[in-house]
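A quick write-up on the structure given underneath.
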Amino acid sequence: MAPLTSSTRELFIAAIRAVLETWPVLQIAVDNGFGGAYSQQKAEWMVDALQQYFNDNDDLQQDEVEDFISELMNNEFDTVVDDGSLPQVAQKVCLMYQQCQQGELAEVREQISLLAQKKSAGRAKVTPADDDEEESENEEAMECDGAGEGPSVNSTAVMEKPPPQATSNEEEDDGWTVVRKKK
C-alpha cells in the first residue's frame, strides 16, 4: 500500500499519541521518572519514532511493532513490558495505520475520541504491594480463633510468634540488588 499523505500522517500521529497516552505502562514509566528527568519528552518522542517506523517499513506485522515498542520501552525507560498489554497496543496502532491507509479516517477519529475520553477518565495509579497487609490479616484471624475461650493453642501460638525480621540485601553479579526477607 502507498505511504500516508501529509494530512493522513497527521491523523496517524494523533492516533499513536492517543494510544500511547492511554497505555498504563507508559503512564507509570513517565509519572515515576523511569526515563530520567526527560521521561515526558521521551514519551512524546516515542510517538514520532513509531510513526517514522511505519513510514520507513512496508507491510509491518503486529509482532514487529510489538518488538519495536518493547525495545523503545527497554532502552528509553529501562522497562520490560510484561503485563500482556504490548500486543494490544501494537494491534491498535497497526489497525489505525491500516485504516489511515484505506481512507477510513472517520473510524480513526472516532477511536481517537474514545481514547481521549478514556484518558480524561483518569490515569493509572501505582500502589506499592503490601505484603504486611496479608500477614496482618492472618494474624487477626489467628487472634480471633481463641477469643473468649481462654488460653488455647491458637492464642499461645500468636503470643509466641516472633516479630517480623528485617530484610537483607544481596548484590547479584549483574548489578541488581536482591532483597530477601529473613525468616
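Identifiers in this document derive from the order of the C-alpha cells: chains are assigned A, B, ..., residues are numbered from 1 separately in each chain, and ligands are numbered from 1 in order of occurrence.
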For region 43-68 of chain A against region 85-90 of chain A, with a cut-off of 6 Å and counting only C-alpha atoms, what is the closest atom pair and its distance in Å to one decimal for every residue that makes the cut, ordered by chain and number, as JSON lines?
```
{"residue": "A:Gln62", "atom": "CA", "partner": "A:Ala90", "partner_atom": "CA", "distance": 5.9}
{"residue": "A:Val65", "atom": "CA", "partner": "A:Ala90", "partner_atom": "CA", "distance": 5.7}
{"residue": "A:Glu66", "atom": "CA", "partner": "A:Ala90", "partner_atom": "CA", "distance": 5.3}
```
*Surrounding residues of Glu21 (chain A) excluding itself and chain neighbours under 3 positions, 10 Å, only C-alpha atoms, as a list in words*: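 Residues near the query, excluding close chain neighbours: Ala15, Ile16, Arg17, Ala18, Pro24, Val25, Leu26, Gln27, Ala43, Glu44, Val47, Leu115, Ala116, Lys118, Lys119 and Arg123 of chain A.
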* Could you check which of A:Ala106, A:Cys100, A:Ala121, A:Gly35 is closest to Ser7 (chain A), using only C-alpha atoms? =>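 For Ser7 (chain A), the nearest of the candidates is A:Cys100.
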- Which of these, A:Thr8, A:Ala37, A:Ile13, A:Ser120, has the shortest distance to Gln52 (chain A) once you count only C-alpha atoms?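 That would be A:Ile13, the residue with the smallest distance to Gln52 (chain A).
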